[in-house]
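Before any comments, here is the structure.
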Amino acid sequence: MKPAEGVLFVVATPIGNLEDITLRALRVLGEADVILAEDTRRIRKLLSAHGIPSPPVWSFFEGNEERKVPAVLELLREGKGVALASDAGTPTLSDPGFRLVRAAREAGLPVVPVPGPSAAVAALSVSGLPTDRFVFEGFLPRTRGKRRKRLEALVDESRTVVLFASVHRIEKELQEMLEVLGDRKVFIAREMTKVHEEHFYGRLSEAVSWVSGKKGEFVVVLHGAG
């Protein structure tokens, strides 16, 4: 069955291992009239790995999202099925797509989630830290002053805190977390679901040296205050 006409599907894709995708996501991607992809090569590789011919794929990333929103809305008004997929995981969560989803909602056009992988939730689920209440902070600001201000706002946050970290800044950011938040328990996932996946569980003071020299993508899960 073809996807519903005039629907924007927000499709979660693997964060590493290409087997981590739902049957529904594969069907929707394969049957969409157009796929909006943060990385066109990745989405074609994913579909090829599962033996699914790729429909037309449009490049859709942070730098061109706002400019392309009107054209996508027009596709939806014409009754086309459009699938939005980011590089990895669930679109709009520290990934492109928020502006498009908001515009579609404000235009009264249907937006449907096709749930699946999320790096934040995957890391939280194996962290060993409290999962009943948590807050997702995405990436910390690039500049030291803004980053420290954000961390200071988390000093009294009692919920578990989930963050993404850049390979270029993680060691420095962990040191700043230690200075501002104290020596809390922390879980770090590196390269989740990939060949060189690693996990760390311990204290921030130990984590700083553990990440030194390591490459890849990181998710940091911090114990809340108290």
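Ligands are numbered from 1 in the order shown, chains are lettered A, B, ... in the order of the structure tokens, and residues start at 1 in each chain.
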
Can you pull out every residue within 8 Å of Phe9 in chain A, counting only C-alpha atoms, but drop anything in the same chain fewer than 4 positions away, and send it as a list in words?
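Contacts, with the query itself left out: Val28, Gly81, Val82, Ala83, Leu84, Val111, Val112, Pro113 and Val114 of chain A.
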
All strand (DSSP E) residues (DSSP, backbone) inside range 22-126 of chain A, as a VMD selection string
chain A and resid 34 to 37 57 to 59 82 to 85 111 to 114

Deliver the residues from the most recent selection as a file, using C-alpha atoms, as a tab-separated table (two decimals), in the first residue's frame.
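Writing the result to result.tsv gives the following:
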```
chain	number	residue	atom	x	y	z
A	34	VAL	CA	10.39	12.15	-2.57
A	35	ILE	CA	12.90	11.56	0.24
A	36	LEU	CA	14.43	14.57	1.99
A	37	ALA	CA	17.87	13.47	3.16
A	57	VAL	CA	16.14	12.08	-3.14
A	58	TRP	CA	16.47	15.78	-2.33
A	59	SER	CA	19.37	17.14	-0.30
A	82	VAL	CA	7.35	12.98	1.41
A	83	ALA	CA	9.77	11.19	3.76
A	84	LEU	CA	12.19	13.18	5.92
A	85	ALA	CA	15.35	11.37	7.07
A	111	VAL	CA	2.88	15.02	9.71
A	112	VAL	CA	3.29	11.37	10.75
A	113	PRO	CA	6.15	9.87	12.80
A	114	VAL	CA	7.77	6.62	11.71
```

How far is it from CA of Ser158 in chain A to CA of Gly182 in chain A, in Å with one decimal?
13.6 Å

Which residue out of A:Asp87, A:Glu152, A:Glu78, A:Glu38 has the minimum interatomic distance to Glu65 in chain A when only C-alpha atoms are used?
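Comparing A:Asp87, A:Glu152, A:Glu78, A:Glu38 against Glu65 in chain A, the winner is A:Glu38.
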
What are the closest atom pairs, with distances in Å to one decimal, for each residue of range 134-167 of chain A lying within 10 Å of range 173-179 of chain A, using only C-alpha atoms, rows by chain and rising residue number, as JSON lines?
```
{"residue": "A:Leu140", "atom": "CA", "partner": "A:Glu173", "partner_atom": "CA", "distance": 8.3}
{"residue": "A:Pro141", "atom": "CA", "partner": "A:Glu173", "partner_atom": "CA", "distance": 9.9}
{"residue": "A:Arg142", "atom": "CA", "partner": "A:Glu173", "partner_atom": "CA", "distance": 9.7}
{"residue": "A:Arg144", "atom": "CA", "partner": "A:Glu173", "partner_atom": "CA", "distance": 9.0}
{"residue": "A:Arg147", "atom": "CA", "partner": "A:Glu173", "partner_atom": "CA", "distance": 8.4}
{"residue": "A:Arg148", "atom": "CA", "partner": "A:Glu176", "partner_atom": "CA", "distance": 7.3}
{"residue": "A:Leu151", "atom": "CA", "partner": "A:Met177", "partner_atom": "CA", "distance": 6.8}
{"residue": "A:Glu152", "atom": "CA", "partner": "A:Met177", "partner_atom": "CA", "distance": 9.1}
{"residue": "A:Leu154", "atom": "CA", "partner": "A:Met177", "partner_atom": "CA", "distance": 9.8}
{"residue": "A:Val155", "atom": "CA", "partner": "A:Met177", "partner_atom": "CA", "distance": 9.6}
{"residue": "A:Ala165", "atom": "CA", "partner": "A:Glu173", "partner_atom": "CA", "distance": 8.0}
{"residue": "A:Ser166", "atom": "CA", "partner": "A:Glu173", "partner_atom": "CA", "distance": 9.2}
```

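Minimum atom-to-atom distance to Asp95 in chain A, evaluated using only C-alpha atoms, belongs to A:Val10 out of A:Gly30, A:Val10, A:Asp183, A:Lys80.
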
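CA of Arg184 in chain A is positioned 5.8 Å from CA of Leu204 in chain A.
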
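Nearest to Gly79 in chain A of all the residues A:Leu8, A:Leu124, A:Leu93, A:Ala107 is A:Leu8, based on only C-alpha atoms.
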